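K.L.:
Quick one: the structure is below, and I'll ask about it shortly.
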Amino acid sequence: MGITQTLILHFLSLGCIYTLAGIAFVFLLNSTRSINFAYGEMLVAAGLIAASLGSIENFPWPLLVIIISVFVILALLGLAVVFYFPLRNRPPEAIFLSSIGIGMVIQNLLVIGLGAAPRRLYIDSFVQSWSMGGFILPLHFIILFITTFLIIGALYYFLSHSRLGLSVQAVTQNPDLAMIFGIRPLHTAIASFIIAGLLTAIAGIFLSQNSFLAPEQGNDLLLKAYMLTIIGGWGRVYGLWLGAFLLAFLETILAFWLSYPLTPIVIYASLIILLVCRPGGVLQEKQGQRM
């Protein structure tokens, strides 16, 4: 496989993974109306645990996906019950600080339980490649690409045509008015946590298959998810698609042209400039409209 093909596949893979992770972050952001600073650690935890289970010989990958998904969903719901719901009527700073503490706890638990060494998920059945017009497509890339767009389509249908999805949007846009019409924010918050958990698990699994993961990478992934919300206009799901692939393209090209250590400097400097020039996001939204 040539260098051009490798760069294109890496860019597209990262774009799909960032899309899934960014949408999960938006669901958490809209359900809690605050930034979950532990999100990066949850994403890393999903990937590292998947890599550990995948190292077991003949471990079935469907079971791996189920275990990671159930683990992340239950973890997010557990954290919501213990930390978010008791603090939801407190100042936002209370949730900020508690989520930072949760993130540090998760990071240190990962180091204690799995070690500090980077890990990567290897699934033998996904090593196969298909050749299409001289372009070699690894099986895991095809699965990632199809999975991402199936999830986007399913979420669009859920948010636009299902009663629960419409309720989630109503609470996001105007929680007080939604309560007047009998919609319970607690129910929509739980649904958002479940969706975010599933997306985080899938993104973490593919991320660990795409590259090595280490416990201390949580902050970097959190900042990237946060960056996507800014590019997309503070919480609009459809804007994340543009932001995810733009970020993946910049990260891939800069790492190739410059060097990997210089890439975060350029990306986060661009983030600062973006915050100064377009604080409402590249695709600025109307007040109160998200998702």
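In the structure tokens, the first chain shown is A, the next is B, and so on; residue numbers restart at 1 for each chain, and ligands run from 1 in the order shown.
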Excluding same-chain residues fewer than 4 positions from A:Pro60, what lies within 12 Å of it counting only C-alpha atoms, as a ChimeraX atom specification?
P.N.:
/A:50,53-56,64-67,122-126
K.L.:
Using DSSP on the backbone, list every residue of stretch 55-159 of chain A that comes out as strand (DSSP E or B), and give them as a list of chain:residue names.
P.N.:
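DSSP-assigned strand (DSSP E or B) residues in stretch 55-159 of chain A: A:Arg119, A:Ser129, A:Trp130, A:Ser131, A:Met132, A:Phe135, A:Ile136, A:Leu137, A:Pro138.
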K.L.:
Once you have the residues from the selection above, write them out as an mmCIF file, in the first residue's frame, restricted to C-alpha atoms.
P.N.:
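What follows is the written file out-v5.cif:
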data_model
loop_
_atom_site.group_PDB
_atom_site.id
_atom_site.type_symbol
_atom_site.label_atom_id
_atom_site.label_comp_id
_atom_site.auth_asym_id
_atom_site.auth_seq_id
_atom_site.Cartn_x
_atom_site.Cartn_y
_atom_site.Cartn_z
ATOM 1 C CA ARG A 119 -2.022 -0.987 23.907
ATOM 2 C CA SER A 129 -8.057 -6.533 2.755
ATOM 3 C CA TRP A 130 -10.079 -6.024 -0.402
ATOM 4 C CA SER A 131 -8.714 -4.532 -3.601
ATOM 5 C CA MET A 132 -10.990 -2.163 -5.532
ATOM 6 C CA PHE A 135 -7.032 0.726 -4.019
ATOM 7 C CA ILE A 136 -6.542 -1.638 -1.070
ATOM 8 C CA LEU A 137 -9.295 -1.414 1.574
ATOM 9 C CA PRO A 138 -8.695 -3.190 4.902
#
K.L.:
Write out as an MDAnalysis selection string which residues come within 12 Å of A:Leu109 when counting only C-alpha atoms, dropping same-chain ones fewer than 6 positions away.
P.N.:
chainID A and resid 41:42 44:45 48:49 102:103 115:116 215:216
K.L.:
I'd like the neighbourhood of A:Val168 as a list in words, where a residue qualifies if any of its atoms comes within 7 Å (using only C-alpha atoms), though same-chain residues fewer than 4 positions away should be ignored.
P.N.:
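Final neighbour list, sorted by chain and number: Leu164, Thr172 and Thr188 of chain A.
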K.L.:
Next, write the just-selected residues to a file, as a short mmCIF file (atom, residue, chain, number, x, y, z; two decimals), in the first residue's frame, keeping N, CA and C atoms as the atom set.
P.N.:
data_model
loop_
_atom_site.label_atom_id
_atom_site.label_comp_id
_atom_site.auth_asym_id
_atom_site.auth_seq_id
_atom_site.Cartn_x
_atom_site.Cartn_y
_atom_site.Cartn_z
N LEU A 164 -39.29 9.69 21.51
CA LEU A 164 -38.23 9.93 22.48
C LEU A 164 -37.18 10.88 21.90
N THR A 172 -33.49 19.74 25.00
CA THR A 172 -32.24 20.42 24.66
C THR A 172 -32.47 21.88 24.32
N THR A 188 -35.14 11.92 29.32
CA THR A 188 -34.33 12.23 28.13
C THR A 188 -32.84 12.22 28.46
#
K.L.:
Do a neighbour search on A:Phe83 at 12 Å with only C-alpha atoms, toss out local chain neighbours closer than 6 positions, and write the hits as number ranges by chain.
P.N.:
A: 32, 36, 38, 75-77, 89-90, 94-102
K.L.:
For atom CA of A:Phe206 and atom CA of A:Gly47, quote the distance in Å rounded to one decimal.
P.N.:
7.5 Å
K.L.:
Enumerate the residues of stretch 3-108 of chain A with a DSSP assignment of alpha helix (DSSP H), computed from the backbone, and present them as JSON, numbers by chain.
P.N.:
{"A": [3, 4, 5, 6, 7, 8, 9, 10, 11, 12, 13, 14, 15, 16, 17, 18, 19, 20, 21, 22, 23, 24, 25, 26, 27, 28, 29, 30, 31, 32, 39, 40, 41, 42, 43, 44, 45, 46, 47, 48, 49, 50, 51, 52, 53, 54, 61, 62, 63, 64, 65, 66, 67, 68, 69, 70, 71, 72, 73, 74, 75, 76, 77, 78, 79, 85, 86, 87, 92, 93, 94, 95, 96, 97, 98, 99, 100, 101, 102, 103, 104, 105, 106, 107, 108]}
K.L.:
What lies within 8 Å of A:Val72 using only C-alpha atoms, ignoring chain neighbours under 5 positions off, as a PyMOL selection string?
P.N.:
chain A and resi 42+46+197-198+200-201
K.L.:
Between atom CA of A:Ser160 and atom CA of A:Phe71, measure the distance and give it in Å to one decimal.
P.N.:
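We find that atom CA of A:Ser160 and atom CA of A:Phe71 lie 28.1 Å from each other.
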K.L.:
Determine the nearest neighbour of A:Leu247 from the options A:Ser31, A:Gln107, A:Thr19, A:Gln5, counting only C-alpha atoms.
P.N.:
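For A:Leu247, the nearest of the given residues is A:Thr19.
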K.L.:
Between A:Ile265, A:Ile230, A:Leu275, A:Leu213, which has the minimum distance to A:Val111 (counting only C-alpha atoms)?
P.N.:
A:Leu213
K.L.:
Measuring atom to atom with only C-alpha atoms, identify which of A:Thr229, A:Ile190, A:Tyr39, A:Trp61 is nearest to A:Gln217.
P.N.:
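Ranked by minimum distance to A:Gln217, first place goes to A:Tyr39.
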K.L.:
Using only C-alpha atoms, find the one residue out of A:Leu114, A:Leu262, A:Ile272, A:Leu207 that sits nearest to A:His140.
P.N.:
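Comparing A:Leu114, A:Leu262, A:Ile272, A:Leu207 against A:His140, the winner is A:Leu207.
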K.L.:
Pick out the closest residue to A:Leu139 from this set: A:Arg88, A:Gln209, A:Ile231, A:Leu29. Count only C-alpha atoms.
P.N.:
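Of A:Arg88, A:Gln209, A:Ile231, A:Leu29, the one nearest A:Leu139, counting only C-alpha atoms, is A:Gln209.
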K.L.:
Which of these residues is nearest to A:Ile142, using only C-alpha atoms: A:Ala255, A:Leu28, A:Leu12, A:Leu7?
P.N.:
A:Leu12
K.L.:
What separation in Å, quoted to one decimal, exists between atom CA of A:Ala178 and atom CA of A:Ile23?
P.N.:
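These atoms are spaced 22.4 Å apart.
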K.L.:
Which neighbours of A:Tyr18 fall inside 12 Å, counting only C-alpha atoms, when residues of the same chain fewer than 3 positions from it are skipped, and could you give them as a PDB file with C-alpha atoms, in the first residue's frame?
P.N.:
ATOM      1  CA  HIS A  10      -5.859   7.131   8.031  1.00  0.00           C
ATOM      2  CA  PHE A  11      -7.659  10.416   7.412  1.00  0.00           C
ATOM      3  CA  LEU A  12     -11.002   8.740   6.673  1.00  0.00           C
ATOM      4  CA  SER A  13     -10.665   6.373   9.650  1.00  0.00           C
ATOM      5  CA  LEU A  14      -9.912   9.227  12.049  1.00  0.00           C
ATOM      6  CA  GLY A  15     -12.789  11.233  10.596  1.00  0.00           C
ATOM      7  CA  ALA A  21     -16.815  10.395  19.635  1.00  0.00           C
ATOM      8  CA  GLY A  22     -17.974  13.947  18.922  1.00  0.00           C
ATOM      9  CA  ILE A  23     -21.644  12.978  18.696  1.00  0.00           C
ATOM     10  CA  ALA A  24     -21.363  11.103  21.998  1.00  0.00           C
ATOM     11  CA  PHE A  25     -19.788  14.189  23.568  1.00  0.00           C
ATOM     12  CA  VAL A  26     -22.638  16.359  22.250  1.00  0.00           C
ATOM     13  CA  GLY A  40     -11.734  11.515  27.297  1.00  0.00           C
ATOM     14  CA  LEU A  43     -13.140   6.873  25.624  1.00  0.00           C
ATOM     15  CA  LEU A 144     -15.816   1.356  10.449  1.00  0.00           C
ATOM     16  CA  PHE A 145     -17.047   3.365   7.467  1.00  0.00           C
ATOM     17  CA  THR A 148     -20.394   5.211  11.150  1.00  0.00           C
ATOM     18  CA  LEU A 199     -21.201   5.635  20.723  1.00  0.00           C
ATOM     19  CA  THR A 200     -18.261   6.017  23.107  1.00  0.00           C
ATOM     20  CA  ILE A 202     -17.823   1.885  19.460  1.00  0.00           C
ATOM     21  CA  ALA A 203     -15.500   4.867  18.973  1.00  0.00           C
ATOM     22  CA  GLY A 204     -13.110   3.549  21.632  1.00  0.00           C
ATOM     23  CA  PHE A 206     -12.193   1.456  16.602  1.00  0.00           C
ATOM     24  CA  LEU A 207      -9.739   3.980  18.044  1.00  0.00           C
ATOM     25  CA  ASN A 210      -6.569   2.337  14.563  1.00  0.00           C
ATOM     26  CA  LEU A 221      -9.199  13.246  23.137  1.00  0.00           C
ATOM     27  CA  LEU A 222     -11.422  15.449  25.313  1.00  0.00           C
ATOM     28  CA  LEU A 223      -9.972  18.594  23.753  1.00  0.00           C
ATOM     29  CA  LYS A 224     -10.544  17.196  20.267  1.00  0.00           C
ATOM     30  CA  ALA A 225     -14.176  16.354  21.069  1.00  0.00           C
ATOM     31  CA  TYR A 226     -14.567  19.844  22.531  1.00  0.00           C
ATOM     32  CA  MET A 227     -13.009  21.295  19.396  1.00  0.00           C
ATOM     33  CA  LEU A 228     -15.591  19.508  17.257  1.00  0.00           C
ATOM     34  CA  THR A 229     -18.453  21.140  19.156  1.00  0.00           C
ATOM     35  CA  LEU A 240     -19.793  17.596  13.760  1.00  0.00           C
ATOM     36  CA  TRP A 241     -19.389  15.665  10.523  1.00  0.00           C
ATOM     37  CA  LEU A 242     -17.601  18.619   8.954  1.00  0.00           C
ATOM     38  CA  GLY A 243     -15.533  19.265  12.066  1.00  0.00           C
ATOM     39  CA  ALA A 244     -14.508  15.632  12.512  1.00  0.00           C
ATOM     40  CA  PHE A 245     -13.185  15.178   8.995  1.00  0.00           C
ATOM     41  CA  LEU A 246     -11.582  18.622   8.961  1.00  0.00           C
ATOM     42  CA  LEU A 247      -9.736  17.831  12.195  1.00  0.00           C
ATOM     43  CA  ALA A 248      -8.738  14.376  10.920  1.00  0.00           C
ATOM     44  CA  PHE A 249      -7.459  15.875   7.668  1.00  0.00           C
ATOM     45  CA  GLU A 251      -3.991  15.985  11.909  1.00  0.00           C
TER      46      GLU A 251
END
